[in-house]
Each structure stands twice: as structure tokens, then as C-alpha cells.
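Structure file protein.cif (mmCIF, C-alpha atoms) follows.
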```cif
data_data
loop_
_atom_site.label_atom_id
_atom_site.label_comp_id
_atom_site.auth_asym_id
_atom_site.auth_seq_id
_atom_site.Cartn_x
_atom_site.Cartn_y
_atom_site.Cartn_z
CA MET A 5 37.82 57.36 73.23
CA SER A 6 37.11 60.98 72.59
CA ILE A 7 38.70 63.01 69.84
CA ALA A 8 40.43 65.17 72.41
CA LEU A 9 41.95 62.13 74.15
CA ARG A 10 43.14 60.66 70.87
CA PHE A 11 44.77 63.89 69.92
CA TRP A 12 46.26 64.20 73.42
CA LEU A 13 47.83 60.74 73.08
CA ALA A 14 49.17 61.63 69.66
CA ALA A 15 50.42 64.92 71.01
CA LEU A 16 52.21 63.16 73.90
CA VAL A 17 53.98 60.80 71.53
CA ILE A 18 54.90 63.66 69.22
CA LEU A 19 55.99 65.75 72.18
CA ALA A 20 58.19 62.94 73.46
CA GLY A 21 59.78 62.51 70.06
CA VAL A 22 60.20 66.24 69.61
CA THR A 23 61.69 66.55 73.10
CA VAL A 24 64.26 63.88 72.37
CA ALA A 25 65.01 65.33 68.96
CA THR A 26 65.17 68.85 70.38
CA GLY A 27 67.51 67.79 73.16
CA THR A 28 69.75 66.04 70.70
CA VAL A 29 69.72 68.99 68.34
CA LEU A 30 70.46 71.41 71.19
CA TRP A 31 73.39 69.28 72.27
CA ASN A 32 74.59 69.20 68.67
CA LEU A 33 74.24 72.98 68.51
CA LEU A 34 76.24 73.31 71.71
CA LEU A 35 79.04 71.21 70.26
CA PHE A 36 78.82 73.15 67.02
CA GLU A 37 79.10 76.43 68.94
CA ARG A 38 82.20 75.10 70.66
CA ALA A 39 83.61 74.09 67.30
CA VAL A 40 82.92 77.57 65.97
CA GLU A 41 84.54 79.10 69.04
CA GLY A 42 87.55 76.85 68.56
CA ASP A 43 87.78 77.85 64.91
CA GLY A 44 87.35 81.51 65.81
CA LYS A 45 90.03 81.16 68.45
CA ALA A 46 92.35 79.57 65.91
CA ARG A 47 91.72 82.43 63.49
CA ALA A 48 92.26 84.99 66.25
CA VAL A 49 95.52 83.33 67.29
CA GLU A 50 96.62 83.14 63.65
CA SER A 51 95.72 86.79 63.08
CA GLY A 52 97.51 87.86 66.26
CA ALA A 53 100.58 85.84 65.31
CA GLU A 54 100.72 87.41 61.84
CA GLN A 55 100.32 90.88 63.36
CA LEU A 56 103.21 90.24 65.74
CA LEU A 57 105.41 89.19 62.82
CA VAL A 58 104.43 92.37 60.95
CA ASP A 59 105.14 94.53 64.02
CA LEU A 60 108.49 92.85 64.61
CA THR A 61 109.43 93.33 60.96
CA ASP A 62 108.48 97.01 61.21
CA ALA A 63 110.67 97.35 64.29
CA GLU A 64 113.60 95.84 62.43
CA THR A 65 112.94 98.18 59.49
CA GLY A 66 112.98 101.21 61.76
CA GLN A 67 116.18 100.02 63.42
CA ARG A 68 117.77 99.49 60.01
CA GLY A 69 116.94 103.06 58.98
CA PHE A 70 118.53 104.37 62.17
CA LEU A 71 121.66 102.24 61.69
CA ILE A 72 122.13 103.50 58.15
CA THR A 73 121.56 107.18 58.88
CA GLY A 74 122.39 107.51 62.56
CA SER A 75 119.45 109.93 62.86
CA ASP A 76 116.81 109.53 65.58
CA ARG A 77 114.26 110.80 63.06
CA TYR A 78 114.22 107.33 61.49
CA LEU A 79 113.30 105.67 64.80
CA GLN A 80 109.62 106.57 64.48
CA PRO A 81 108.70 103.23 62.79
CA TYR A 82 110.74 101.38 65.44
CA THR A 83 109.02 103.18 68.33
CA ARG A 84 105.59 102.68 66.82
CA ALA A 85 106.26 99.00 66.12
CA THR A 86 107.51 98.28 69.66
CA ASN A 87 104.37 99.85 71.10
CA ASP A 88 102.26 97.80 68.67
CA ILE A 89 104.11 94.63 69.73
CA GLN A 90 103.13 95.25 73.34
CA ALA A 91 99.50 95.83 72.37
CA SER A 92 99.41 92.81 70.01
CA THR A 93 101.00 90.60 72.68
CA ALA A 94 98.38 91.70 75.22
CA ARG A 95 95.56 90.93 72.79
CA LEU A 96 97.03 87.54 71.96
CA ILE A 97 97.35 86.68 75.66
CA GLU A 98 93.68 87.58 76.08
CA VAL A 99 92.71 85.35 73.14
CA VAL A 100 94.79 82.43 74.48
CA GLY A 101 92.89 82.59 77.78
CA ASP A 102 93.26 79.58 80.09
CA ASP A 103 94.38 77.08 77.46
CA SER A 104 97.44 75.51 79.07
CA GLN A 105 99.12 74.48 75.84
CA LEU A 106 98.70 77.91 74.24
CA LYS A 107 99.78 79.64 77.47
CA ALA A 108 103.02 77.66 77.48
CA LEU A 109 103.66 78.55 73.85
CA MET A 110 102.77 82.17 74.60
CA ALA A 111 105.36 82.29 77.39
CA LYS A 112 108.06 81.06 75.01
CA LEU A 113 106.93 83.57 72.39
CA GLU A 114 107.11 86.46 74.86
CA GLU A 115 110.60 85.37 75.83
CA ALA A 116 111.68 85.27 72.16
CA LEU A 117 110.14 88.68 71.43
CA THR A 118 111.75 90.20 74.52
CA GLN A 119 115.13 88.79 73.50
CA ARG A 120 114.79 90.07 69.92
CA LEU A 121 113.76 93.57 70.99
CA ALA A 122 116.63 93.66 73.48
CA GLU A 123 119.04 92.76 70.68
CA LEU A 124 117.61 95.50 68.49
CA ARG A 125 118.13 98.05 71.27
CA GLU A 126 121.63 96.72 71.97
CA ILE A 127 122.69 97.15 68.33
CA MET A 128 121.26 100.69 68.27
CA ASP A 129 123.23 101.49 71.43
CA ILE A 130 126.37 100.16 69.72
CA ARG A 131 125.59 102.40 66.72
CA ARG A 132 125.32 105.43 68.95
CA SER A 133 128.44 104.73 70.98
CA GLN A 134 130.79 102.93 68.56
CA GLY A 135 129.55 103.76 65.06
CA LEU A 136 128.15 101.95 62.04
CA ALA A 137 131.04 99.50 61.61
CA ALA A 138 130.66 98.08 65.12
CA ALA A 139 126.89 97.86 64.74
CA THR A 140 127.29 96.06 61.42
CA GLU A 141 129.66 93.56 63.01
CA ALA A 142 127.10 92.90 65.74
CA ILE A 143 124.37 92.36 63.14
CA MET A 144 126.44 89.74 61.29
CA SER A 145 126.07 87.37 64.26
CA ASP A 146 123.23 84.87 64.12
CA ARG A 147 121.65 85.86 67.43
CA GLY A 148 118.97 88.01 65.82
CA LYS A 149 118.14 85.36 63.25
CA ASP A 150 117.87 82.67 65.95
CA ALA A 151 115.52 84.83 68.01
CA MET A 152 113.38 85.62 64.97
CA ASP A 153 113.24 81.93 63.97
CA GLN A 154 112.28 80.98 67.52
CA ALA A 155 109.48 83.56 67.50
CA ARG A 156 108.18 82.26 64.16
CA ASP A 157 108.31 78.63 65.41
CA ASN A 158 106.37 79.52 68.56
CA LEU A 159 103.75 81.41 66.55
CA SER A 160 103.36 78.44 64.18
CA ASN A 161 102.96 76.07 67.13
CA MET A 162 100.27 78.31 68.64
CA VAL A 163 98.31 78.37 65.38
CA ALA A 164 98.61 74.57 64.99
CA ALA A 165 97.43 73.98 68.57
CA ALA A 166 94.40 76.27 68.16
CA ARG A 167 93.47 74.60 64.87
CA GLY A 168 93.75 71.19 66.51
CA PHE A 169 91.34 72.37 69.18
CA ALA A 170 88.86 73.49 66.51
CA GLU A 171 89.22 70.24 64.55
CA ALA A 172 88.44 68.18 67.66
CA ARG A 173 85.23 70.16 68.20
CA ASN A 174 84.24 69.66 64.56
CA ASN A 175 84.74 65.89 64.88
CA ASP A 176 82.47 65.89 67.96
CA ALA A 177 79.76 67.72 66.04
CA LYS A 178 79.97 65.23 63.14
CA MET A 179 79.67 62.29 65.55
CA LEU A 180 76.53 63.76 67.15
CA ARG A 181 75.05 64.41 63.71
CA ASP A 182 75.36 60.69 62.94
CA ARG A 183 73.56 59.88 66.19
CA ILE A 184 70.70 62.19 65.24
CA ILE A 185 70.34 60.44 61.87
CA VAL A 186 70.09 57.04 63.59
CA LEU A 187 67.57 58.37 66.12
CA PHE A 188 65.30 59.77 63.44
CA ALA A 189 65.61 56.64 61.32
CA ILE A 190 64.31 54.50 64.22
CA GLY A 191 61.90 56.83 66.02
CA ALA A 192 60.31 58.75 63.19
CA PRO A 193 58.50 55.78 61.56
CA GLY A 194 56.91 54.77 64.88
CA ILE A 195 55.72 58.29 65.62
CA VAL A 196 54.38 58.72 62.11
CA GLY A 197 52.56 55.36 62.23
CA PHE A 198 50.83 56.16 65.49
CA VAL A 199 49.79 59.60 64.28
CA VAL A 200 48.40 58.16 61.04
CA LEU A 201 46.37 55.52 62.91
CA THR A 202 44.92 58.06 65.31
CA ILE A 203 43.97 60.43 62.52
CA TRP A 204 42.33 57.62 60.51
CA GLN A 205 40.16 56.52 63.42
CA THR A 206 39.19 60.09 64.18
CA LEU A 207 38.30 60.86 60.58
CA ARG A 208 35.83 57.95 60.46
CA SER A 209 33.69 59.57 63.14
CA MET A 210 33.88 63.16 61.97
CA GLN A 211 33.97 62.96 58.21
CA PRO A 212 31.40 65.72 57.61
CA GLN A 213 33.13 68.13 59.93
CA LEU A 214 36.50 67.47 58.35
CA LEU A 215 35.13 68.37 54.93
CA ALA A 216 35.39 72.04 55.82
CA LEU A 217 38.99 71.58 56.84
CA GLU A 218 39.66 69.70 53.62
CA ASN A 219 38.25 72.55 51.60
CA GLY A 220 40.42 75.01 53.52
CA ILE A 221 43.54 72.95 52.88
CA GLY A 222 42.57 72.60 49.22
CA HIS A 223 42.39 76.36 49.03
CA ILE A 224 45.95 76.58 50.31
CA ALA A 225 47.10 73.93 47.82
CA GLN A 226 45.54 75.78 44.90
CA GLY A 227 46.56 79.30 45.84
CA GLY A 228 49.97 78.54 47.27
CA ILE A 229 49.35 81.12 50.03
CA PRO A 230 48.01 80.10 53.48
CA ALA A 231 44.39 81.25 53.96
CA ARG A 232 42.21 81.28 57.03
CA ILE A 233 39.27 78.91 57.31
CA GLU A 234 35.97 79.47 59.10
CA VAL A 235 35.65 78.55 62.77
CA TRP A 236 32.07 77.38 63.31
CA GLY A 237 31.81 76.44 66.99
CA GLN A 238 33.50 75.69 70.34
CA ASP A 239 34.11 71.97 69.97
CA GLU A 240 37.39 70.19 69.32
CA LEU A 241 37.19 70.62 65.55
CA SER A 242 36.73 74.33 66.04
CA ARG A 243 39.86 74.41 68.15
CA ILE A 244 41.64 72.52 65.38
CA ALA A 245 40.42 75.09 62.90
CA SER A 246 41.75 77.85 65.12
CA ALA A 247 45.08 76.06 65.36
CA PHE A 248 45.06 75.71 61.57
CA ASN A 249 44.59 79.45 61.24
CA ARG A 250 47.51 80.11 63.57
CA MET A 251 49.61 77.71 61.54
CA ALA A 252 48.62 79.56 58.37
CA GLU A 253 49.78 82.81 59.92
CA ARG A 254 53.11 81.23 60.86
CA LEU A 255 53.51 79.87 57.34
CA ALA A 256 52.87 83.32 55.94
CA THR A 257 55.49 84.72 58.30
CA GLU A 258 57.94 81.98 57.33
CA GLU A 259 57.31 82.66 53.65
CA SER A 260 58.13 86.32 54.22
CA SER A 261 61.26 85.29 56.13
CA ARG A 262 62.26 82.96 53.30
CA LYS A 263 61.95 85.77 50.76
CA ASP A 264 64.05 88.02 53.00
CA ALA A 265 66.64 85.27 53.23
CA GLU A 266 66.70 84.99 49.44
CA VAL A 267 67.29 88.74 49.19
CA ARG A 268 70.14 88.53 51.70
CA LEU A 269 71.60 85.57 49.81
CA ALA A 270 71.49 87.51 46.56
CA THR A 271 73.21 90.45 48.26
CA MET A 272 75.93 88.17 49.64
CA ASN A 273 76.39 86.61 46.20
CA ALA A 274 76.82 90.06 44.66
CA ALA A 275 79.36 90.94 47.33
CA LEU A 276 81.24 87.71 46.61
CA MET A 277 81.33 88.48 42.90
CA ALA A 278 82.64 91.95 43.69
CA ARG A 279 85.30 90.39 45.89
CA ASN A 280 86.33 88.03 43.10
CA LYS A 281 86.62 91.01 40.76
CA ASP A 282 88.80 92.79 43.31
CA VAL A 283 91.04 89.70 43.56
CA GLU A 284 91.38 89.63 39.76
CA GLU A 285 92.34 93.31 39.73
CA ARG A 286 94.90 92.75 42.48
CA THR A 287 96.36 89.81 40.58
CA LYS A 288 96.66 91.98 37.48
CA ALA A 289 98.35 94.72 39.50
CA ILE A 290 100.82 92.23 40.99
CA ASP A 291 101.66 90.97 37.48
CA LEU A 292 102.24 94.54 36.27
CA LEU A 293 104.43 95.31 39.27
CA SER A 294 106.43 92.15 38.65
CA ARG A 295 106.97 93.06 35.00
CA MET A 296 107.96 96.59 35.96
CA ALA A 297 110.34 95.37 38.67
CA ASN A 298 112.02 92.98 36.21
CA ARG A 299 112.80 95.86 33.85
CA LEU A 300 113.96 98.53 36.28
CA PRO A 301 117.33 96.93 37.21
CA SER A 302 118.27 96.94 33.52
CA CYS A 303 117.92 100.72 33.13
CA ALA A 304 121.13 102.32 31.87
CA SER A 305 119.95 105.92 32.06
CA GLU A 306 117.35 108.16 33.60
CA GLU A 307 115.52 108.30 30.28
CA GLU A 308 115.06 104.52 30.28
CA PHE A 309 113.88 104.63 33.88
CA VAL A 310 111.38 107.38 33.06
CA ALA A 311 110.12 105.46 30.01
CA ILE A 312 109.40 102.39 32.15
CA VAL A 313 107.55 104.41 34.78
CA GLU A 314 105.47 106.25 32.18
CA ARG A 315 104.64 102.93 30.49
CA PHE A 316 103.54 101.01 33.58
CA ALA A 317 102.15 103.71 35.91
CA PRO A 318 99.01 104.39 33.79
CA GLN A 319 98.29 100.65 33.77
CA LEU A 320 98.70 100.35 37.54
CA LEU A 321 96.72 103.53 38.19
CA PRO A 322 94.35 103.72 35.21
CA ASN A 323 92.07 106.38 36.65
CA MET A 324 94.55 108.28 38.78
CA PRO A 325 96.80 111.08 37.47
CA GLY A 326 100.28 111.32 38.94
CA ALA A 327 103.86 112.37 38.52
CA LEU A 328 107.31 111.16 39.60
CA TYR A 329 109.79 113.72 40.94
CA VAL A 330 113.52 113.29 41.48
CA LEU A 331 115.91 115.48 43.42
CA SER A 332 118.01 117.62 41.11
CA GLU A 333 121.77 117.10 41.33
CA SER A 334 122.62 120.76 40.63
CA GLN A 335 120.25 122.43 43.10
CA PRO A 336 117.95 121.45 45.98
CA MET A 337 114.89 121.19 43.78
CA LEU A 338 112.54 118.33 42.92
CA ARG A 339 111.72 118.14 39.22
CA ALA A 340 109.07 116.07 37.45
CA VAL A 341 110.62 113.38 35.24
CA ALA A 342 107.52 111.30 34.53
CA ARG A 343 103.79 112.05 34.26
CA TRP A 344 100.72 109.93 33.56
CA ASN A 345 96.99 110.50 33.13
CA ALA A 346 97.42 114.30 32.68
CA PRO A 347 98.18 115.37 36.27
CA ASN A 348 97.82 118.96 37.42
CA ALA A 349 101.37 119.02 38.82
CA ARG A 350 104.21 121.53 38.91
CA ASP A 351 107.36 120.97 36.93
CA GLU A 352 109.51 121.48 40.04
CA PHE A 353 109.33 122.54 43.68
CA MET A 354 111.45 122.79 46.83
CA PRO A 355 111.63 119.78 49.20
CA GLU A 356 110.30 121.86 52.08
CA ASP A 357 107.11 122.49 50.08
CA CYS A 358 106.03 118.85 50.58
CA TRP A 359 104.72 117.59 53.90
CA GLY A 360 105.38 114.00 52.87
CA LEU A 361 109.11 114.75 52.45
CA LYS A 362 109.29 116.77 55.65
CA ARG A 363 107.63 114.02 57.69
CA GLY A 364 109.35 111.15 55.89
CA GLN A 365 106.10 109.25 55.36
CA PRO A 366 103.09 109.26 53.01
CA HIS A 367 100.91 112.35 53.24
CA THR A 368 97.26 111.88 52.18
CA VAL A 369 94.65 114.63 51.86
CA ASP A 370 91.08 113.58 51.05
CA ASP A 371 89.46 116.90 51.99
CA MET A 372 91.37 120.02 50.97
CA HIS A 373 89.61 122.02 53.70
CA ALA A 374 90.19 119.56 56.52
CA ASP A 375 93.95 118.89 56.35
CA ILE A 376 97.27 120.62 55.70
CA VAL A 377 97.91 121.04 51.96
CA CYS A 378 101.43 120.98 50.50
CA ARG A 379 102.56 124.23 48.90
CA HIS A 380 103.37 122.48 45.63
CA VAL A 381 99.69 121.49 45.19
CA ASP A 382 97.11 123.77 43.58
CA SER A 383 94.27 123.56 46.12
CA GLU A 384 91.83 125.09 43.65
CA ALA A 385 92.47 122.53 40.92
CA VAL A 386 92.33 119.24 42.87
CA THR A 387 90.00 117.74 45.48
CA GLY A 388 92.53 115.37 47.04
CA TYR A 389 96.01 113.95 46.57
CA ARG A 390 98.72 111.75 48.05
CA CYS A 391 102.49 112.34 48.36
CA LEU A 392 104.62 109.18 48.61
CA PRO A 393 108.31 109.74 49.47
CA LEU A 394 110.35 106.95 47.85
#
```

Kindly transcribe the structure held in the file into C-alpha cells.
Amino acid sequence: MSIALRFWLAALVILAGVTVATGTVLWNLLLFERAVEGDGKARAVESGAEQLLVDLTDAETGQRGFLITGSDRYLQPYTRATNDIQASTARLIEVVGDDSQLKALMAKLEEALTQRLAELREIMDIRRSQGLAAATEAIMSDRGKDAMDQARDNLSNMVAAARGFAEARNNDAKMLRDRIIVLFAIGAPGIVGFVVLTIWQTLRSMQPQLLALENGIGHIAQGGIPARIEVWGQDELSRIASAFNRMAERLATEESSRKDAEVRLATMNAALMARNKDVEERTKAIDLLSRMANRLPSCASEEEFVAIVERFAPQLLPNMPGALYVLSESQPMLRAVARWNAPNARDEFMPEDCWGLKRGQPHTVDDMHADIVCRHVDSEAVTGYRCLPL
């Protein structure tokens, strides 16, 4: 039996084993992809559900501002939130797709959202036509709470169903992984044994020729870097040498890829550490806010209130100068009652000088030449600022 035939037989056995293993692995990858899709779908449904709750809460906040003031100017958050609810609902319907269970839950959720929004509009109509007292009486009923609870229940059911879908796919992937282990445990020893026997018989007849290959492999073992070996003819051993050289090139490529992967892993680790630091800073900020909130209700005078703000604001905003203004009781002026981190701020200014107050929402300027600057800000002394109406 020629060397070529022996290697062909070994190659056929290896190919058969690799084909089976590859098919099994591909099937496992397919199930894994489905599991990932199921998990991604669960996360998308969960994210969409949370966004709908945020939008609905914003709509209720806008309605509450209108009920208190009776001014249509306070309906901007309500209008924006209702539009966002429509967009979020459309996105969630797209994520749900053809899943019958999620579609049924989505239909119930749409019904609950429609009912809640209708009740919000109805109470605003009562405020316009009958006044605050009638609107308050309508709010005291439990209809709004029941609709909100129903919406939350439907959203929770959707998230649970999507997660169940993902968990089922994960279980399938684990089952297939166990099958692969059994297959390799049975088939691998037979393939290895046949390959070893074929190589041993071949080596007996071509020991001198293999010496060159041995030297080439020894060079790789000593240097740790794949190196090419000499190809000395056109026979089978020469073809093996050529194949060895191609393998060496692939190993070099894989080594380069491994180093790139290590660099990416180090980058990801650094990002994770930065994220942990950010979480620690947020936790510290939450603790400071909690301590500040616990002290504010006990203030007996403006001086005590100012002292608390000046004590905690520099801790919450350690690198950010700022000031707190209150509306004067004697004249329509805003005066600074608290400062921290040496801000470049006026002692007082008119309400109409601030775009945040005029618009009734935060006003942020990052580029003094690209946005409208409030008149109470010295555009030559600062590069950016933020006004937060409280």
C-alpha cells in the first residue's frame, strides 16, 4: 500500500469524523443562535415594556401639571409622552413578531394603554369644562389605577413569556452539547488509533525522509514560532512538506489573531473596570442625595435650607461650579441664595433673562457659539452651562 493511499484512508476517516463533528457543532451553533435570539427578544421586550411604563408615567406627569395649573403650556410633556407611547408600542409590536402568546399579551396591553390614555384625556376635559374640583373627584376613582395595574401586569407577562422562550432554547443547546461530548468520547479514540497506526507503518518505510520533517518540527518546538522547512522534490513527502509550510503560515496567522484577541480582552477589561468605577460613583451620589433629602424637610428657615444645599452640592458636583436662585418675594427677581465651587454667576436677574425658565425645561449650552445663551450668563467667562428650573 502506497504512502498516498495510506494517507488517503486516514484522511477519509478523519474527514468522516470531522464531518460528523462539524455537522453536530453546526447544529449546536444553530440552536445557540436561536437561544441568543430568544434572549435578545426577551431583552427587547423587557426594554420596550420599561419604555412604555416611562412614557405612560411622563404622560401622567404632564396631565398632573395641567390639572394643577389649568395652563396648556404644561401639556408639552403629556403630548410628547403620548407620541412616544405610539412609537414605543409600534416598536414593541415589531419585536413581538408572529409569536402568538406575545401577540395576545400585546393586544391586551394596547387595550389597557388605550383605556388609560382615554381616561387621562377625559379628566383633562373635565378640568377644562368643570374645574379642578371636578377633575380631582374623577381622579379619586380607581379606574386609572386599575388600568395602570393591568398595563403593568401585561408587560410583566410579556417579559416572562419571552424569557421562557429564551430559556427553552438554552436548554436545547445544553442537551446538544452533551451529545457532542458523548460523540467525541466514542469516536475520537478510534480515529486517533487508526491515524497512529497508519503513521507508524508509513514511518518505517520512509525514516530517512522524515528526518528532515523532524528537524523542521524541532525547530518550531525550540523557537516557539512556526518556520518553513525545505521542499526537496515532487513526491508525497514533498507535498507533505508543502502542507506543513501552509500549516505553519496558518499557525502564524492564528498566533497574530490570538494576540489581537488578548488586546481586545484587555480593552474590554479596562472598560469593565471603568464601568464599575462609574457604578461606585453613582452609588455615592445616591447616598449623598438620600442624606440631603432626609435633611431638607426639617429646615425651619431659608438659611438652614441654603446651608444644606451649600454643604451637599459641592459633594454631588465636585468639579462643577453652580448656584441656586430663588424668586424674590418683594419683586420679580431671582436672587442667588447658595453658591458652590466658585461659580461665575450674577447675584440676581430677571426671570425673562433665562431660557430655561421661559421654556419651563432644562436649557443646556455646550457651545456658546452654537446655541442661544441666556442673558444672565457671561458668554465671555464660561464655555458652557446648564439652567435647571426647579

What are the centre and the three edge lengths of an axis-aligned box that wraps all atoms of stretch 346-359 of chain A in the file, given that 5 Å is added to every side, written as JSON and rounded to one decimal in Å?
```
{"center_x": 104.5, "center_y": 118.5, "center_z": 43.3, "size_x": 24.2, "size_y": 18.5, "size_z": 31.2}
```

To one decimal place, how far is atom CA of A:Ala289 from atom CA of A:Leu320 in Å? 6.0 Å

Please build the interface table for stretch 249-334 of chain A against stretch 350-354 of chain A with a cut-off of 10 Å, listing for each qualifying residue the nearest atom pair and the distance in Å to one decimal; count only C-alpha atoms, order rows by chain and increasing number, and write it as a tab-separated table.
```
residue	atom	partner	partner_atom	distance
A:Ala327	CA	A:Arg350	CA	9.2
A:Tyr329	CA	A:Glu352	CA	7.8
A:Val330	CA	A:Glu352	CA	9.2
A:Leu331	CA	A:Met354	CA	9.2
A:Ser332	CA	A:Glu352	CA	9.4
```

Distance query A:Trp359 at most 9 Å, all atoms listed in the file, self and fewer than 5 positions along chain excluded, as number ranges by chain: A: 364-367, 376-379, 391

Pick the closest to A:Arg125 from A:Met272, A:Ile143, A:Val283, A:Ala189: which is it, counting only C-alpha atoms?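 With only C-alpha atoms as the atom set, the closest residue is A:Ile143.
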
Quick one: distance from atom CA of A:Leu338 to atom CA of A:Asp375 in Å, one decimal?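 Those two atoms sit 22.9 Å apart.
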
Here atom CA of A:Ile130 and atom CA of A:Thr83 stand apart by 17.7 Å

May I ask which of the residues A:Thr368, A:Asn158, A:Ser334, A:Asn323 is the closest one to A:Ala111, counting all atoms listed in the file?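 For A:Ala111, the nearest of the given residues is A:Asn158.
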
Report as a list in words all protein, DNA and RNA residues lying within 12 Å of A:Glu54, evaluated on all atoms listed in the file, omitting residues in the same chain fewer than 5 positions from it. Arg47, Ala48, Val49, Asp59, Leu60, Thr61, Ile89, Ser92, Thr93, Leu96, Ala155, Arg156, Asn158, Leu159, Ser160, Met162 and Val163 of chain A

Evaluate the PyMOL selection byres ((chain A and resi 94) around 12) here and jot the selected residues down as a list of chain:residue names. A:Val49, A:Gly52, A:Ala53, A:Leu56, A:Asn87, A:Asp88, A:Ile89, A:Gln90, A:Ala91, A:Ser92, A:Thr93, A:Arg95, A:Leu96, A:Ile97, A:Glu98, A:Val99, A:Val100, A:Gly101, A:Met110, A:Ala111, A:Glu114

From the list A:Arg181, A:Lys112, A:Arg343, A:Lys288, which residue is nearest A:Glu314 when using only C-alpha atoms? A:Arg343

Which one of A:Ala304, A:Ala46, A:Cys358, A:Ala311 sits closest to A:Gly168 if you count all atoms listed in the file? A:Ala46

Could you check the closest approach to A:Trp344 for each of A:Ser246, A:Asp382, A:Phe316, A:Ala108 and tell me which residue wins, using all atoms listed in the file?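 For A:Trp344, the nearest of the candidates is A:Phe316.
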
Mind telling me what the PyMOL selection byres ((chain A and resi 341) around 6) catches here, as a PyMOL selection string? chain A and resi 328-329+340+342
